[in-house]
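Have a look at the structure below before the remarks.
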Number of protein chains: 2
Amino acid sequence: MAERKKADAKPARGAEPPREIRDEVEGEASGRKSALGYTKPRTYEELRAVLASGTLHFPKRLRQVAIFLWQHPDDVALGTIVQVAEQAGVQPSTLVRFAKTFGFAGFSDLQGLFKDHVKGSWPEARGRAEPTSRSETHAELHFLGGIVAAARASLDRIGESFDVASFEAMIEVLAGADLIYLVGSKRAFPVTAYLSLTLSQQGVRNVLVDNVGSTAFDQIGCIGRGDALLAVSFSPYNSITPDLVAVAHERSAQIVTITDSTFSPLIPLSTRWIEVIESDFAGFRSLAASLSVGMALVHGVVAKRSAGRRQAR
Amino acid sequence: MAERKKADAKPARGAEPPREIRDEVEGEASGRKSALGYTKPRTYEELRAVLASGTLHFPKRLRQVAIFLWQHPDDVALGTIVQVAEQAGVQPSTLVRFAKTFGFAGFSDLQGLFKDHVKGSWPEARGRAEPTSRSETHAELHFLGGIVAAARASLDRIGESFDVASFEAMIEVLAGADLIYLVGSKRAFPVTAYLSLTLSQQGVRNVLVDNVGSTAFDQIGCIGRGDALLAVSFSPYNSITPDLVAVAHERSAQIVTITDSTFSPLIPLSTRWIEVIESDFAGFRSLAASLSVGMALVHGVVAKRSAGRRQAR
DNA sequence: TCAAAAATGGAAATCCTCTTCGAAATTGAC
DNA sequence: GTCAATTTCGAAGAGGATTTCCATTTTTGA
């Protein structure tokens with residue numbers, strides 16, 4: 001863990017920020033050509049605020065980094081650059097590039113913020129958590145314990161930070177829609193599948209865009225102005241979901257999104273969105289939080305619709 | 001932060017424990033001449049217990065170290081050896097000596113314990129999860145709280161009663177199968193869909209019997225003696241799942257089942273089965289427990305298969 | 001479709017950290 | 001007070017970790 005003292009970031013080629021970000025910054029702080037140094041976040045919270053602003057358009061790998069930093073601050077604080085790079089699925093050099101983008105001297109400099117943050121917010125944690133009590137005996141039981149813990153952690157996170165306003169606005173949009181389309185690929189598909197089933201059982205007409213027969217775009221092509229689309233999407237956002245949502249957006253449908261970071265490409269297209277972060281264990285990711293929030297959405301839609309019908313009489 | 005792999009602590013002169021401690025240990029574990037390695041703590045808690053025992057008489061500098069480790073675990077986890085040494089008021093080499101005293105390969109090895117501890121107990125540290133506190137205000141939030149509580153209850157129940165033997169037998173069956181078929185209708189479908197995805201991502205060939213095009217029976221009709229079928233089924237058992245499983249049974253495939261009661265019609269047909277009970281809230285049922293158990297199964301199968309392959313070489 | 005610009009991957013170079021080891025200082029027994 | 005055993009110090013070497021650089025790939029804009 002190098003704690004380099006020198007901060008004489010030479011304007012080397014590799015140190016230049018990606019274009020979108022440079023434009024962004026120069027646009028805001030008009031005329032500061034070499035200016036990213038000025039915007040270097042001084043605390044973890046500042047960094048988080050910058051990342052969350054959502055106005056930054058990162059290229060693929062840098063976005064991957066941003067998402068990982070957002071979701072695993074403790075791993076960033078405690079790991080080496082190699083470990084962090086592996087977990088984030090990028091090259092070590094990408095992390096350095098990312099750090100320089102924000103005016104840090106290098107990864108170590110950036111990591112300092114995370115260390116300070118962990119140090120500052122840690123003392124409460126002592127002597128808690130016995131998740132692996134009887135699990136020691138069998139390795140597979142240990143894994144089961146980990147998976148369950150991840151699910152629990154995901155559920156806990158809902159309680160900690162939940163955007164009630166967005167959530168209720170999403171219900172509003174879906175309840176007001178003529179027909180509800182559901183889109184979710186890969187990991188998100190089980191979620192949309194369950195929501196679709198539940199909606200149908202509750203008498204709410206809906207279309208699950210499952211891409212059977214590769215007809216997803218044709219299905220979405222029928223979406224109209226009065227319809228709404230519920231998209232569920234997790235990083236990496238490399239499935240067809242963004243493309244499908246883009247089509248719906250063009251056709252002026254209302255779009256509401258459940259996603260796991262503010263960097264989701266769906267957010268700019270969405271009328272309302274809500275962030276749901278799922279924990280994972282050994283790379284196996286929970287769906288517990290997304291399912292819960294999704295079910296609550298469905299319930300809200302059903303409740304609102306039947307309330308509306310009652311009033312209409 | 002060097003994560004050294006070699007643990008071949010040669011009995012170099014500097015590595016010998018100070019006299020008081022050696023006496024202490026030899027007194028307790030009578031006769032273990034080279035024994036400090038045996039007492040190497042495996043977790044932070046273990047180390048803390050040893051330090052707390054109070055029976056150890058350290059020389060001045062080493063005592064200084066012990067006190068610092070006790071009082072500033074977070075600084076130990078996050079700092080370099082030089083930083084820790086400075087803060088503790090000792091030489092870096094003293095920290096290494098201290099670590100070796102307890103059988104660690106060096107400071108990095110010791111520090112690993114502190115890192116794990118911080119990592120493990122950190123996420124909980126911020127704002128203690130109060131999911132249903134302000135929920136009273138909004139009806140929909142109350143519902144979300146209920147759904148989350150149901151998911152939690154489902155997860156809790158796994159810990160309470162879990163048939164380990166059946167679970168491991170199921171892994172055995174699936175790992176030994178030529179091809180794995182997955183069957184689950186309605187509510188169970190999201191579970192099988194996610195398991196199918198995960199299996200594929202882990203390189204385990206599988207067939208998700210999704211009944212697209214109403215071809216489920218034709219698909220199952222191809223199952224053979226060397227194959228296995230994982231069925232997921234919840235009450236009421238009125239879907240096509242029992243019929244599909246019956247076909248597989250006739251064709252002498254091995255059948256393992258995740259179900260929610262001993263009355264499931266699948267149980268007589270199954271080689272092994274496991275009970276997973278999902279809680280519900282206002283009729284909206286959780287899938288958290290089934291997904292967790294399913295994922296653990298997948299992981300077990302992957303682990304067992306790769307272990308088998310390793311042995312085969 | 002092509003050219004230019006940007007972003008990425010990967011290996012070499014550099015720098016720092018951790019560890020080792022001998023010398024100096026301290027302790028305690030006789 | 002002296003000697004031997006133990007502990008501490010601090011410099012130097014070995015080994016990683018971080019950073020830099022450039023060839024290659026990807027994206028952007030005309």
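By convention here, the chains of the structure tokens are called A, B, ... in the order presented, each chain's residues are numbered starting at 1, and ligands are numbered starting at 1 in the order presented.
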Exercise for the section: Name all residues at most 12 Å from DG10 in chain C (count only C-alpha atoms (C1' of nucleotides); drop same-chain ones fewer than 6 positions away) and give them as a ChimeraX atom specification. Expected result: /A:90-94 /D:20-24
Write the selection just made, keeping N, CA and C atoms (P, O5', C5', C4', C3', O3' and C1' of nucleotides), as a PDB file, in the first residue's frame?
ATOM      1  N   VAL A  90     -11.490  -5.425 -13.687  1.00  0.00           N
ATOM      2  CA  VAL A  90     -10.748  -4.523 -14.570  1.00  0.00           C
ATOM      3  C   VAL A  90      -9.255  -4.696 -14.332  1.00  0.00           C
ATOM      4  N   GLN A  91      -8.453  -4.002 -15.133  1.00  0.00           N
ATOM      5  CA  GLN A  91      -7.013  -4.010 -14.963  1.00  0.00           C
ATOM      6  C   GLN A  91      -6.629  -3.043 -13.846  1.00  0.00           C
ATOM      7  N   PRO A  92      -5.516  -3.343 -13.159  1.00  0.00           N
ATOM      8  CA  PRO A  92      -5.029  -2.379 -12.171  1.00  0.00           C
ATOM      9  C   PRO A  92      -4.844  -0.992 -12.777  1.00  0.00           C
ATOM     10  N   SER A  93      -4.335  -0.967 -13.973  1.00  0.00           N
ATOM     11  CA  SER A  93      -4.067   0.343 -14.568  1.00  0.00           C
ATOM     12  C   SER A  93      -5.351   1.142 -14.762  1.00  0.00           C
ATOM     13  N   THR A  94      -6.444   0.435 -14.953  1.00  0.00           N
ATOM     14  CA  THR A  94      -7.720   1.133 -15.099  1.00  0.00           C
ATOM     15  C   THR A  94      -8.079   1.867 -13.807  1.00  0.00           C
TER      16      THR A  94
ATOM     17  P    DT D  20       2.264   7.684 -12.565  1.00  0.00           P
ATOM     18  O5'  DT D  20       3.058   7.134 -13.832  1.00  0.00           O
ATOM     19  C5'  DT D  20       4.411   6.738 -13.676  1.00  0.00           C
ATOM     20  C4'  DT D  20       4.905   6.067 -14.945  1.00  0.00           C
ATOM     21  C3'  DT D  20       4.489   6.763 -16.243  1.00  0.00           C
ATOM     22  O3'  DT D  20       5.641   6.944 -17.045  1.00  0.00           O
ATOM     23  C1'  DT D  20       3.932   4.472 -16.327  1.00  0.00           C
ATOM     24  P    DC D  21       5.584   7.890 -18.333  1.00  0.00           P
ATOM     25  O5'  DC D  21       5.540   6.832 -19.520  1.00  0.00           O
ATOM     26  C5'  DC D  21       6.448   5.732 -19.497  1.00  0.00           C
ATOM     27  C4'  DC D  21       6.035   4.720 -20.554  1.00  0.00           C
ATOM     28  C3'  DC D  21       5.554   5.323 -21.883  1.00  0.00           C
ATOM     29  O3'  DC D  21       6.223   4.684 -22.945  1.00  0.00           O
ATOM     30  C1'  DC D  21       3.982   3.768 -21.066  1.00  0.00           C
ATOM     31  P    DC D  22       6.374   5.430 -24.322  1.00  0.00           P
ATOM     32  O5'  DC D  22       5.705   4.385 -25.316  1.00  0.00           O
ATOM     33  C5'  DC D  22       6.104   3.016 -25.242  1.00  0.00           C
ATOM     34  C4'  DC D  22       4.989   2.135 -25.770  1.00  0.00           C
ATOM     35  C3'  DC D  22       4.359   2.620 -27.085  1.00  0.00           C
ATOM     36  O3'  DC D  22       4.163   1.495 -27.902  1.00  0.00           O
ATOM     37  C1'  DC D  22       2.701   2.216 -25.511  1.00  0.00           C
ATOM     38  P    DA D  23       4.398   1.536 -29.457  1.00  0.00           P
ATOM     39  O5'  DA D  23       3.744   0.167 -29.947  1.00  0.00           O
ATOM     40  C5'  DA D  23       3.972  -1.033 -29.193  1.00  0.00           C
ATOM     41  C4'  DA D  23       2.687  -1.843 -29.117  1.00  0.00           C
ATOM     42  C3'  DA D  23       1.922  -1.950 -30.434  1.00  0.00           C
ATOM     43  O3'  DA D  23       1.447  -3.274 -30.588  1.00  0.00           O
ATOM     44  C1'  DA D  23       0.531  -1.002 -28.778  1.00  0.00           C
ATOM     45  P    DT D  24       0.643  -3.710 -31.881  1.00  0.00           P
ATOM     46  O5'  DT D  24      -0.856  -3.702 -31.369  1.00  0.00           O
ATOM     47  C5'  DT D  24      -1.229  -4.518 -30.252  1.00  0.00           C
ATOM     48  C4'  DT D  24      -2.681  -4.264 -29.909  1.00  0.00           C
ATOM     49  C3'  DT D  24      -3.647  -4.330 -31.096  1.00  0.00           C
ATOM     50  O3'  DT D  24      -4.623  -5.322 -30.832  1.00  0.00           O
ATOM     51  C1'  DT D  24      -4.047  -2.406 -29.771  1.00  0.00           C
TER      52       DT D  24
END
Exercise for the section: For chain B, work out the contacting residues on chain D at 12 Å, counting only C-alpha atoms (C1' of nucleotides), and write them as a VMD selection string. Expected result: chain D and resid 5 to 11 14 to 18
Exercise for the section: Write out as a ChimeraX atom specification which residues come within 9 Å of range 69-85 of chain B when counting only C-alpha atoms (C1' of nucleotides), dropping same-chain ones fewer than 3 positions away. Expected result: /A:1-3,77-78,115-116,118-119,122-123 /B:1,48,51-52,64-66,88-96,107-108,111-118 /C:17-18
Exercise for the section: Enumerate as a ChimeraX atom specification the residues belonging to chain A that approach chain B to within 7 Å, with only C-alpha atoms taken into account. Expected result: /A:1,74,78,80,115,119,122,124-125,128-129,140,143-144,147-148,152,155-156,159-160,187,190-191,193-194,288,292-293,296,300
Please write the residues from the selection above to a file, keeping N, CA, C and O atoms, as a short mmCIF file (atom, residue, chain, number, x, y, z; two decimals), in the first residue's frame.
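Written output follows (selection22.cif):
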data_model
loop_
_atom_site.label_atom_id
_atom_site.label_comp_id
_atom_site.auth_asym_id
_atom_site.auth_seq_id
_atom_site.Cartn_x
_atom_site.Cartn_y
_atom_site.Cartn_z
N MET A 1 0.83 -1.20 0.00
CA MET A 1 0.00 0.00 0.00
C MET A 1 0.87 1.25 0.00
O MET A 1 1.42 1.65 1.01
N ASP A 74 -15.81 -1.02 1.39
CA ASP A 74 -14.93 -1.67 2.36
C ASP A 74 -13.86 -2.50 1.67
O ASP A 74 -12.72 -2.55 2.12
N LEU A 78 -9.73 -1.96 2.07
CA LEU A 78 -8.89 -2.97 2.69
C LEU A 78 -8.04 -3.76 1.71
O LEU A 78 -7.12 -4.47 2.12
N THR A 80 -5.58 -4.54 -1.86
CA THR A 80 -4.53 -3.96 -2.67
C THR A 80 -5.12 -3.64 -4.03
O THR A 80 -6.23 -4.07 -4.36
N LYS A 115 -10.19 4.55 3.12
CA LYS A 115 -9.66 4.14 4.42
C LYS A 115 -10.17 5.07 5.52
O LYS A 115 -10.60 4.63 6.58
N LYS A 119 -12.41 3.97 8.65
CA LYS A 119 -11.88 4.23 9.97
C LYS A 119 -12.88 5.06 10.78
O LYS A 119 -13.16 4.79 11.93
N TRP A 122 -16.32 3.19 11.82
CA TRP A 122 -16.24 1.80 12.22
C TRP A 122 -16.53 1.51 13.68
O TRP A 122 -17.22 0.54 13.98
N GLU A 124 -18.50 1.60 15.95
CA GLU A 124 -19.75 1.01 16.44
C GLU A 124 -19.81 -0.49 16.21
O GLU A 124 -20.59 -1.19 16.83
N ALA A 125 -19.02 -0.96 15.27
CA ALA A 125 -19.24 -2.31 14.76
C ALA A 125 -18.77 -3.41 15.69
O ALA A 125 -19.11 -4.55 15.50
N ARG A 128 -19.94 -7.75 16.95
CA ARG A 128 -21.27 -8.07 16.51
C ARG A 128 -21.16 -9.26 15.59
O ARG A 128 -20.10 -9.86 15.45
N ALA A 129 -22.23 -9.65 14.99
CA ALA A 129 -22.20 -10.54 13.83
C ALA A 129 -21.57 -11.90 14.09
O ALA A 129 -20.37 -12.04 14.22
N GLU A 140 -20.35 -26.75 2.54
CA GLU A 140 -21.52 -26.31 1.79
C GLU A 140 -22.52 -25.59 2.68
O GLU A 140 -23.21 -24.69 2.26
N PHE A 143 -21.47 -22.18 2.89
CA PHE A 143 -21.88 -21.40 1.72
C PHE A 143 -23.34 -21.00 1.83
O PHE A 143 -23.70 -19.86 1.55
N LEU A 144 -24.17 -21.92 2.23
CA LEU A 144 -25.58 -21.59 2.40
C LEU A 144 -25.72 -20.43 3.38
O LEU A 144 -26.48 -19.49 3.13
N ILE A 147 -24.90 -17.23 1.60
CA ILE A 147 -25.96 -16.82 0.69
C ILE A 147 -27.11 -16.18 1.46
O ILE A 147 -27.64 -15.13 1.09
N VAL A 148 -27.47 -16.82 2.55
CA VAL A 148 -28.56 -16.29 3.36
C VAL A 148 -28.17 -14.94 3.94
O VAL A 148 -28.97 -14.00 3.96
N ARG A 152 -30.02 -11.39 3.50
CA ARG A 152 -30.39 -10.54 4.64
C ARG A 152 -29.83 -9.15 4.48
O ARG A 152 -30.50 -8.15 4.72
N LEU A 155 -31.78 -7.15 2.14
CA LEU A 155 -33.04 -6.70 2.73
C LEU A 155 -32.80 -5.55 3.71
O LEU A 155 -33.58 -4.58 3.75
N ASP A 156 -31.72 -5.67 4.47
CA ASP A 156 -31.41 -4.60 5.42
C ASP A 156 -31.23 -3.28 4.70
O ASP A 156 -31.65 -2.24 5.17
N GLY A 159 -34.12 -1.05 4.18
CA GLY A 159 -34.54 -0.25 5.32
C GLY A 159 -33.68 0.98 5.52
O GLY A 159 -34.16 2.02 5.96
N GLU A 160 -32.40 0.85 5.17
CA GLU A 160 -31.50 1.97 5.44
C GLU A 160 -31.75 3.15 4.54
O GLU A 160 -31.83 4.29 4.98
N ARG A 187 -30.06 -11.98 -14.89
CA ARG A 187 -30.39 -12.05 -13.48
C ARG A 187 -31.72 -11.37 -13.17
O ARG A 187 -32.40 -11.72 -12.20
N PRO A 190 -35.75 -13.45 -13.55
CA PRO A 190 -36.59 -14.07 -12.51
C PRO A 190 -37.46 -13.05 -11.79
O PRO A 190 -38.59 -13.36 -11.41
N VAL A 191 -36.96 -11.87 -11.63
CA VAL A 191 -37.75 -10.84 -10.94
C VAL A 191 -38.96 -10.45 -11.77
O VAL A 191 -40.11 -10.47 -11.29
N ALA A 193 -40.29 -12.08 -14.14
CA ALA A 193 -41.17 -13.24 -14.31
C ALA A 193 -42.13 -13.35 -13.13
O ALA A 193 -43.34 -13.57 -13.31
N TYR A 194 -41.60 -13.19 -11.95
CA TYR A 194 -42.44 -13.31 -10.77
C TYR A 194 -43.44 -12.16 -10.69
O TYR A 194 -44.61 -12.35 -10.35
N ALA A 288 -33.23 -11.06 -3.32
CA ALA A 288 -34.25 -10.87 -2.29
C ALA A 288 -34.78 -9.43 -2.26
O ALA A 288 -36.00 -9.21 -2.19
N SER A 292 -38.57 -8.13 -3.29
CA SER A 292 -39.40 -7.49 -2.28
C SER A 292 -39.92 -6.14 -2.77
O SER A 292 -41.12 -5.84 -2.67
N VAL A 293 -39.02 -5.35 -3.29
CA VAL A 293 -39.44 -4.04 -3.77
C VAL A 293 -40.43 -4.20 -4.93
O VAL A 293 -41.45 -3.50 -5.01
N ALA A 296 -43.79 -5.14 -3.65
CA ALA A 296 -44.44 -3.98 -3.04
C ALA A 296 -45.01 -3.06 -4.11
O ALA A 296 -46.10 -2.49 -3.96
N GLY A 300 -48.86 -2.10 -4.55
CA GLY A 300 -49.28 -0.70 -4.61
C GLY A 300 -50.14 -0.42 -5.82
O GLY A 300 -51.14 0.30 -5.74
#
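Residues from chain C found within 10 Å of chain A are C:DA5, C:DA6, C:DA7, C:DT8, C:DG9, C:DG10, C:DC15, C:DC16, C:DT17, counting only C-alpha atoms (C1' of nucleotides).
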Practice task
DSSP on the backbone, then: every residue of range 188-307 of chain B marked alpha helix (DSSP H), written as a VMD selection string.
Solution key: chain B and resid 189 to 201 216 to 220 241 to 250 288 to 307
Problem - Residue contacts of range 174-183 of chain A (7 Å, only C-alpha atoms (C1' of nucleotides)) excluding same-chain residues fewer than 5 positions away, as number ranges by chain - result: A: 192, 205-209, 226-232, 241, 301, 304-305
Problem - Point-to-point distance from CA of Gly106 in chain B to CA of Phe281 in chain A, Å rounded to tenths - result: 28.9 Å
